[in-house]
Amino acid sequence: MTDVGTTTPMTCHATRGALIAGVVGMALVLAAVLWGVSSGRALEGTARTDGTVLLASSGDGRGVEFVVDGTRYTTRTSAYSVLHSYSTGERVPVAYNPKDPAEAEVADLHSTYGGPLFAGGFGILVAAACTVGYVNGRRKAKLREWLDQLSPDKEPV
């Protein structure tokens, strides 16, 4: 029989690190869900109309012009969201406060849910990677245990 020697226990188990990172990934997913619900609730009680993206006059964002009851309003938006960029002249949905139409924001999927989708997707990727890390860590631990049992010169603990 070949002497494989005794294996030394790891000071930081891979499975423990994977579990901790998995918890972080799931926390990101939970935070993204809460963020998405909050974003959706922010649109409750608003009225909707279409607006037109204006030419950016400065680096702080683009204006979106929309009309309510014959009055023109302009709200600011960033030139891009996490998942989408707006072009000059593009039609975008606008959600506004019916009592004060000057309180408005772009209300498309990208602007409303882009950040939560990005954060949630990242959390899912982290959790999936941690699942793989946990499974591999468990396999290595079982292999290490099996190799320790095969070692004939193992000293009793």
# chains A, B, ... in the order shown; residues from 1 in each chain; ligands from 1
$ residues_around --residues "Gly115 of chain A" --least-positions-apart "3" --cutoff "12 Å" --atoms "only C-alpha atoms" --output "PDB file with all heavy atoms, in the first residue's frame"
ATOM      1  N   LEU A  28     -28.180  39.751  -0.818  1.00  0.00           N
ATOM      2  CA  LEU A  28     -28.270  40.636  -1.980  1.00  0.00           C
ATOM      3  C   LEU A  28     -29.577  40.426  -2.731  1.00  0.00           C
ATOM      4  O   LEU A  28     -30.225  41.383  -3.156  1.00  0.00           O
ATOM      5  CB  LEU A  28     -27.097  40.397  -2.928  1.00  0.00           C
ATOM      6  CG  LEU A  28     -25.794  41.081  -2.596  1.00  0.00           C
ATOM      7  CD1 LEU A  28     -24.687  40.567  -3.525  1.00  0.00           C
ATOM      8  CD2 LEU A  28     -25.925  42.573  -2.747  1.00  0.00           C
ATOM      9  N   VAL A  29     -29.979  39.170  -2.892  1.00  0.00           N
ATOM     10  CA  VAL A  29     -31.240  38.878  -3.573  1.00  0.00           C
ATOM     11  C   VAL A  29     -32.409  39.456  -2.779  1.00  0.00           C
ATOM     12  O   VAL A  29     -33.304  40.098  -3.344  1.00  0.00           O
ATOM     13  CB  VAL A  29     -31.408  37.357  -3.788  1.00  0.00           C
ATOM     14  CG1 VAL A  29     -32.809  37.020  -4.273  1.00  0.00           C
ATOM     15  CG2 VAL A  29     -30.369  36.841  -4.773  1.00  0.00           C
ATOM     16  N   ALA A  31     -32.349  41.954  -0.617  1.00  0.00           N
ATOM     17  CA  ALA A  31     -32.292  43.417  -0.704  1.00  0.00           C
ATOM     18  C   ALA A  31     -32.805  43.895  -2.061  1.00  0.00           C
ATOM     19  O   ALA A  31     -33.521  44.900  -2.142  1.00  0.00           O
ATOM     20  CB  ALA A  31     -30.859  43.903  -0.477  1.00  0.00           C
ATOM     21  N   ALA A  32     -32.483  43.171  -3.131  1.00  0.00           N
ATOM     22  CA  ALA A  32     -32.953  43.546  -4.464  1.00  0.00           C
ATOM     23  C   ALA A  32     -34.467  43.410  -4.573  1.00  0.00           C
ATOM     24  O   ALA A  32     -35.134  44.258  -5.176  1.00  0.00           O
ATOM     25  CB  ALA A  32     -32.260  42.692  -5.526  1.00  0.00           C
ATOM     26  N   VAL A  33     -35.023  42.363  -3.970  1.00  0.00           N
ATOM     27  CA  VAL A  33     -36.481  42.196  -3.980  1.00  0.00           C
ATOM     28  C   VAL A  33     -37.143  43.348  -3.226  1.00  0.00           C
ATOM     29  O   VAL A  33     -38.121  43.942  -3.703  1.00  0.00           O
ATOM     30  CB  VAL A  33     -36.881  40.830  -3.376  1.00  0.00           C
ATOM     31  CG1 VAL A  33     -38.375  40.760  -3.098  1.00  0.00           C
ATOM     32  CG2 VAL A  33     -36.459  39.701  -4.309  1.00  0.00           C
ATOM     33  N   LEU A  34     -36.610  43.681  -2.062  1.00  0.00           N
ATOM     34  CA  LEU A  34     -37.170  44.798  -1.292  1.00  0.00           C
ATOM     35  C   LEU A  34     -37.039  46.111  -2.055  1.00  0.00           C
ATOM     36  O   LEU A  34     -37.956  46.941  -2.051  1.00  0.00           O
ATOM     37  CB  LEU A  34     -36.493  44.895   0.072  1.00  0.00           C
ATOM     38  CG  LEU A  34     -36.763  43.723   1.021  1.00  0.00           C
ATOM     39  CD1 LEU A  34     -35.935  43.864   2.287  1.00  0.00           C
ATOM     40  CD2 LEU A  34     -38.239  43.613   1.337  1.00  0.00           C
ATOM     41  N   TRP A  35     -35.908  46.325  -2.712  1.00  0.00           N
ATOM     42  CA  TRP A  35     -35.680  47.517  -3.520  1.00  0.00           C
ATOM     43  C   TRP A  35     -36.694  47.576  -4.669  1.00  0.00           C
ATOM     44  O   TRP A  35     -37.268  48.622  -4.972  1.00  0.00           O
ATOM     45  CB  TRP A  35     -34.254  47.503  -4.038  1.00  0.00           C
ATOM     46  CG  TRP A  35     -33.798  48.687  -4.823  1.00  0.00           C
ATOM     47  CD1 TRP A  35     -34.435  49.884  -5.008  1.00  0.00           C
ATOM     48  CD2 TRP A  35     -32.567  48.796  -5.542  1.00  0.00           C
ATOM     49  NE1 TRP A  35     -33.680  50.716  -5.800  1.00  0.00           N
ATOM     50  CE2 TRP A  35     -32.526  50.072  -6.135  1.00  0.00           C
ATOM     51  CE3 TRP A  35     -31.501  47.932  -5.729  1.00  0.00           C
ATOM     52  CZ2 TRP A  35     -31.463  50.499  -6.906  1.00  0.00           C
ATOM     53  CZ3 TRP A  35     -30.437  48.362  -6.500  1.00  0.00           C
ATOM     54  CH2 TRP A  35     -30.426  49.632  -7.073  1.00  0.00           C
ATOM     55  N   GLY A  36     -36.929  46.432  -5.320  1.00  0.00           N
ATOM     56  CA  GLY A  36     -37.887  46.375  -6.420  1.00  0.00           C
ATOM     57  C   GLY A  36     -39.306  46.665  -5.956  1.00  0.00           C
ATOM     58  O   GLY A  36     -40.054  47.398  -6.607  1.00  0.00           O
ATOM     59  N   VAL A  37     -39.685  46.093  -4.800  1.00  0.00           N
ATOM     60  CA  VAL A  37     -41.013  46.362  -4.247  1.00  0.00           C
ATOM     61  C   VAL A  37     -41.140  47.839  -3.909  1.00  0.00           C
ATOM     62  O   VAL A  37     -42.162  48.476  -4.193  1.00  0.00           O
ATOM     63  CB  VAL A  37     -41.272  45.473  -3.013  1.00  0.00           C
ATOM     64  CG1 VAL A  37     -42.505  45.923  -2.248  1.00  0.00           C
ATOM     65  CG2 VAL A  37     -41.414  44.015  -3.435  1.00  0.00           C
ATOM     66  N   SER A  38     -40.101  48.400  -3.316  1.00  0.00           N
ATOM     67  CA  SER A  38     -40.104  49.829  -2.984  1.00  0.00           C
ATOM     68  C   SER A  38     -40.222  50.685  -4.243  1.00  0.00           C
ATOM     69  O   SER A  38     -40.960  51.673  -4.266  1.00  0.00           O
ATOM     70  CB  SER A  38     -38.832  50.179  -2.223  1.00  0.00           C
ATOM     71  OG  SER A  38     -38.724  51.555  -2.040  1.00  0.00           O
ATOM     72  N   SER A  39     -39.509  50.310  -5.297  1.00  0.00           N
ATOM     73  CA  SER A  39     -39.586  51.049  -6.562  1.00  0.00           C
ATOM     74  C   SER A  39     -40.981  50.969  -7.163  1.00  0.00           C
ATOM     75  O   SER A  39     -41.497  51.955  -7.691  1.00  0.00           O
ATOM     76  CB  SER A  39     -38.568  50.502  -7.568  1.00  0.00           C
ATOM     77  OG  SER A  39     -37.265  50.706  -7.116  1.00  0.00           O
ATOM     78  N   TYR A  80     -28.584  57.416 -18.935  1.00  0.00           N
ATOM     79  CA  TYR A  80     -28.669  55.966 -19.051  1.00  0.00           C
ATOM     80  C   TYR A  80     -29.055  55.399 -17.700  1.00  0.00           C
ATOM     81  O   TYR A  80     -28.871  56.013 -16.662  1.00  0.00           O
ATOM     82  CB  TYR A  80     -27.336  55.373 -19.508  1.00  0.00           C
ATOM     83  CG  TYR A  80     -26.197  55.670 -18.578  1.00  0.00           C
ATOM     84  CD1 TYR A  80     -25.871  54.810 -17.532  1.00  0.00           C
ATOM     85  CD2 TYR A  80     -25.465  56.838 -18.720  1.00  0.00           C
ATOM     86  CE1 TYR A  80     -24.845  55.110 -16.663  1.00  0.00           C
ATOM     87  CE2 TYR A  80     -24.439  57.138 -17.849  1.00  0.00           C
ATOM     88  CZ  TYR A  80     -24.133  56.271 -16.836  1.00  0.00           C
ATOM     89  OH  TYR A  80     -23.118  56.566 -15.974  1.00  0.00           O
ATOM     90  N   SER A  81     -29.625  54.224 -17.729  1.00  0.00           N
ATOM     91  CA  SER A  81     -29.876  53.494 -16.496  1.00  0.00           C
ATOM     92  C   SER A  81     -28.914  52.320 -16.487  1.00  0.00           C
ATOM     93  O   SER A  81     -28.037  52.220 -17.336  1.00  0.00           O
ATOM     94  CB  SER A  81     -31.338  53.031 -16.428  1.00  0.00           C
ATOM     95  OG  SER A  81     -31.586  52.053 -17.409  1.00  0.00           O
ATOM     96  N   VAL A  82     -29.088  51.417 -15.563  1.00  0.00           N
ATOM     97  CA  VAL A  82     -28.172  50.283 -15.466  1.00  0.00           C
ATOM     98  C   VAL A  82     -28.210  49.440 -16.735  1.00  0.00           C
ATOM     99  O   VAL A  82     -27.202  48.951 -17.208  1.00  0.00           O
ATOM    100  CB  VAL A  82     -28.531  49.423 -14.232  1.00  0.00           C
ATOM    101  CG1 VAL A  82     -27.706  48.166 -14.189  1.00  0.00           C
ATOM    102  CG2 VAL A  82     -28.350  50.214 -12.963  1.00  0.00           C
ATOM    103  N   LEU A  83     -29.391  49.289 -17.319  1.00  0.00           N
ATOM    104  CA  LEU A  83     -29.546  48.377 -18.437  1.00  0.00           C
ATOM    105  C   LEU A  83     -29.903  49.046 -19.759  1.00  0.00           C
ATOM    106  O   LEU A  83     -30.093  48.365 -20.759  1.00  0.00           O
ATOM    107  CB  LEU A  83     -30.647  47.362 -18.100  1.00  0.00           C
ATOM    108  CG  LEU A  83     -30.434  46.555 -16.827  1.00  0.00           C
ATOM    109  CD1 LEU A  83     -31.657  45.723 -16.525  1.00  0.00           C
ATOM    110  CD2 LEU A  83     -29.225  45.670 -16.953  1.00  0.00           C
ATOM    111  N   HIS A  84     -30.031  50.371 -19.792  1.00  0.00           N
ATOM    112  CA  HIS A  84     -30.559  51.012 -20.996  1.00  0.00           C
ATOM    113  C   HIS A  84     -30.070  52.448 -21.093  1.00  0.00           C
ATOM    114  O   HIS A  84     -29.900  53.113 -20.086  1.00  0.00           O
ATOM    115  CB  HIS A  84     -32.092  50.998 -20.925  1.00  0.00           C
ATOM    116  CG  HIS A  84     -32.775  51.583 -22.108  1.00  0.00           C
ATOM    117  ND1 HIS A  84     -32.791  50.967 -23.327  1.00  0.00           N
ATOM    118  CD2 HIS A  84     -33.477  52.724 -22.260  1.00  0.00           C
ATOM    119  CE1 HIS A  84     -33.477  51.702 -24.174  1.00  0.00           C
ATOM    120  NE2 HIS A  84     -33.904  52.785 -23.553  1.00  0.00           N
ATOM    121  N   LEU A 109     -39.382  50.061 -17.514  1.00  0.00           N
ATOM    122  CA  LEU A 109     -38.813  48.913 -16.807  1.00  0.00           C
ATOM    123  C   LEU A 109     -37.367  49.154 -16.412  1.00  0.00           C
ATOM    124  O   LEU A 109     -36.963  48.858 -15.290  1.00  0.00           O
ATOM    125  CB  LEU A 109     -38.911  47.662 -17.683  1.00  0.00           C
ATOM    126  CG  LEU A 109     -38.247  46.404 -17.130  1.00  0.00           C
ATOM    127  CD1 LEU A 109     -39.077  45.846 -15.978  1.00  0.00           C
ATOM    128  CD2 LEU A 109     -38.056  45.372 -18.192  1.00  0.00           C
ATOM    129  N   HIS A 110     -36.595  49.755 -17.314  1.00  0.00           N
ATOM    130  CA  HIS A 110     -35.168  49.943 -17.056  1.00  0.00           C
ATOM    131  C   HIS A 110     -34.924  50.912 -15.908  1.00  0.00           C
ATOM    132  O   HIS A 110     -34.076  50.679 -15.061  1.00  0.00           O
ATOM    133  CB  HIS A 110     -34.466  50.432 -18.320  1.00  0.00           C
ATOM    134  CG  HIS A 110     -34.694  49.548 -19.502  1.00  0.00           C
ATOM    135  ND1 HIS A 110     -34.161  48.293 -19.602  1.00  0.00           N
ATOM    136  CD2 HIS A 110     -35.427  49.732 -20.625  1.00  0.00           C
ATOM    137  CE1 HIS A 110     -34.535  47.735 -20.727  1.00  0.00           C
ATOM    138  NE2 HIS A 110     -35.304  48.581 -21.376  1.00  0.00           N
ATOM    139  N   SER A 111     -35.656  52.015 -15.905  1.00  0.00           N
ATOM    140  CA  SER A 111     -35.437  53.024 -14.868  1.00  0.00           C
ATOM    141  C   SER A 111     -35.985  52.581 -13.520  1.00  0.00           C
ATOM    142  O   SER A 111     -35.398  52.847 -12.478  1.00  0.00           O
ATOM    143  CB  SER A 111     -36.105  54.339 -15.262  1.00  0.00           C
ATOM    144  OG  SER A 111     -35.497  54.862 -16.399  1.00  0.00           O
ATOM    145  N   THR A 112     -37.126  51.906 -13.549  1.00  0.00           N
ATOM    146  CA  THR A 112     -37.779  51.522 -12.307  1.00  0.00           C
ATOM    147  C   THR A 112     -37.142  50.281 -11.682  1.00  0.00           C
ATOM    148  O   THR A 112     -36.883  50.246 -10.487  1.00  0.00           O
ATOM    149  CB  THR A 112     -39.277  51.266 -12.552  1.00  0.00           C
ATOM    150  OG1 THR A 112     -39.842  52.416 -13.178  1.00  0.00           O
ATOM    151  CG2 THR A 112     -40.001  50.992 -11.246  1.00  0.00           C
ATOM    152  N   PHE A 118     -30.387  44.150 -11.592  1.00  0.00           N
ATOM    153  CA  PHE A 118     -28.931  43.986 -11.637  1.00  0.00           C
ATOM    154  C   PHE A 118     -28.415  43.419 -10.311  1.00  0.00           C
ATOM    155  O   PHE A 118     -27.646  42.458 -10.286  1.00  0.00           O
ATOM    156  CB  PHE A 118     -28.279  45.326 -11.958  1.00  0.00           C
ATOM    157  CG  PHE A 118     -26.801  45.246 -12.158  1.00  0.00           C
ATOM    158  CD1 PHE A 118     -26.265  44.804 -13.347  1.00  0.00           C
ATOM    159  CD2 PHE A 118     -25.939  45.628 -11.143  1.00  0.00           C
ATOM    160  CE1 PHE A 118     -24.896  44.730 -13.534  1.00  0.00           C
ATOM    161  CE2 PHE A 118     -24.567  45.555 -11.314  1.00  0.00           C
ATOM    162  CZ  PHE A 118     -24.047  45.114 -12.512  1.00  0.00           C
ATOM    163  N   ALA A 119     -28.840  44.019  -9.192  1.00  0.00           N
ATOM    164  CA  ALA A 119     -28.384  43.564  -7.866  1.00  0.00           C
ATOM    165  C   ALA A 119     -28.867  42.150  -7.578  1.00  0.00           C
ATOM    166  O   ALA A 119     -28.116  41.320  -7.054  1.00  0.00           O
ATOM    167  CB  ALA A 119     -28.868  44.533  -6.785  1.00  0.00           C
ATOM    168  N   GLY A 120     -30.122  41.859  -7.922  1.00  0.00           N
ATOM    169  CA  GLY A 120     -30.648  40.515  -7.690  1.00  0.00           C
ATOM    170  C   GLY A 120     -29.950  39.473  -8.539  1.00  0.00           C
ATOM    171  O   GLY A 120     -29.647  38.375  -8.063  1.00  0.00           O
ATOM    172  N   GLY A 121     -29.671  39.820  -9.788  1.00  0.00           N
ATOM    173  CA  GLY A 121     -28.949  38.886 -10.653  1.00  0.00           C
ATOM    174  C   GLY A 121     -27.549  38.616 -10.139  1.00  0.00           C
ATOM    175  O   GLY A 121     -27.081  37.472 -10.157  1.00  0.00           O
ATOM    176  N   PHE A 122     -26.888  39.660  -9.644  1.00  0.00           N
ATOM    177  CA  PHE A 122     -25.555  39.471  -9.065  1.00  0.00           C
ATOM    178  C   PHE A 122     -25.637  38.576  -7.827  1.00  0.00           C
ATOM    179  O   PHE A 122     -24.801  37.693  -7.632  1.00  0.00           O
ATOM    180  CB  PHE A 122     -24.929  40.825  -8.728  1.00  0.00           C
ATOM    181  CG  PHE A 122     -23.535  40.717  -8.193  1.00  0.00           C
ATOM    182  CD1 PHE A 122     -22.488  40.379  -9.017  1.00  0.00           C
ATOM    183  CD2 PHE A 122     -23.282  40.940  -6.852  1.00  0.00           C
ATOM    184  CE1 PHE A 122     -21.196  40.270  -8.529  1.00  0.00           C
ATOM    185  CE2 PHE A 122     -21.996  40.835  -6.347  1.00  0.00           C
ATOM    186  CZ  PHE A 122     -20.951  40.496  -7.190  1.00  0.00           C
TER     187      PHE A 122
END
$ residues_around --residues "segment 70-76 of chain A" --least-positions-apart "2" --cutoff "7 Å" --atoms "only C-alpha atoms" --output "list in words"
Gly61, Arg62, Gly63, Val64, Glu65, Phe66, Val67, Val68, Ser78, Ala102, Ala104 and Glu105 of chain A
$ atom_distance --atom1 "atom CA of Leu143 of chain A" --atom2 "atom CA of Ala127 of chain A"
24.2 Å
$ closest_residue --among "A:Thr52, A:Asn136, A:Ser151, A:Thr131" --to "Ala21 of chain A" --atoms "only C-alpha atoms"
A:Thr131
$ select_by_dssp --residues "segment 31-115 of chain A" --states "alpha helix (DSSP H)" --output "list in words"
Ala31, Ala32, Val33, Leu34, Trp35, Gly36, Val37, Ser38, Ser39, Gly40, Arg41, Ala42, Leu109, His110, Ser111, Thr112, Tyr113, Gly114 and Gly115 of chain A
$ write_last_selection --atoms "C-alpha atoms" --output "mmCIF file, in the first residue's frame"
data_model
loop_
_atom_site.group_PDB
_atom_site.id
_atom_site.type_symbol
_atom_site.label_atom_id
_atom_site.label_comp_id
_atom_site.auth_asym_id
_atom_site.auth_seq_id
_atom_site.Cartn_x
_atom_site.Cartn_y
_atom_site.Cartn_z
ATOM 1 C CA ALA A 31 -32.292 43.417 -0.704
ATOM 2 C CA ALA A 32 -32.953 43.546 -4.464
ATOM 3 C CA VAL A 33 -36.481 42.196 -3.980
ATOM 4 C CA LEU A 34 -37.170 44.798 -1.292
ATOM 5 C CA TRP A 35 -35.680 47.517 -3.520
ATOM 6 C CA GLY A 36 -37.887 46.375 -6.420
ATOM 7 C CA VAL A 37 -41.013 46.362 -4.247
ATOM 8 C CA SER A 38 -40.104 49.829 -2.984
ATOM 9 C CA SER A 39 -39.586 51.049 -6.562
ATOM 10 C CA GLY A 40 -42.939 49.640 -7.595
ATOM 11 C CA ARG A 41 -44.728 51.182 -4.621
ATOM 12 C CA ALA A 42 -43.200 54.559 -5.405
ATOM 13 C CA LEU A 109 -38.813 48.913 -16.807
ATOM 14 C CA HIS A 110 -35.168 49.943 -17.056
ATOM 15 C CA SER A 111 -35.437 53.024 -14.868
ATOM 16 C CA THR A 112 -37.779 51.522 -12.307
ATOM 17 C CA TYR A 113 -36.428 47.996 -11.953
ATOM 18 C CA GLY A 114 -32.978 48.078 -13.618
ATOM 19 C CA GLY A 115 -31.037 48.481 -10.373
#
$ select_by_dssp --residues "segment 16-115 of chain A" --states "strand (DSSP E)" --output "PyMOL selection string"
chain A and resi 47-53+62-68+71-77+91-97+100-106
$ residues_around --residues "Gly133 of chain A" --least-positions-apart "4" --cutoff "8 Å" --atoms "only C-alpha atoms" --output "PyMOL selection string"
chain A and resi 14-15+18+129+137
$ closest_residue --among "A:Leu30, A:Gly45, A:Val132, A:Arg144" --to "Asp100 of chain A" --atoms "only C-alpha atoms"
A:Gly45
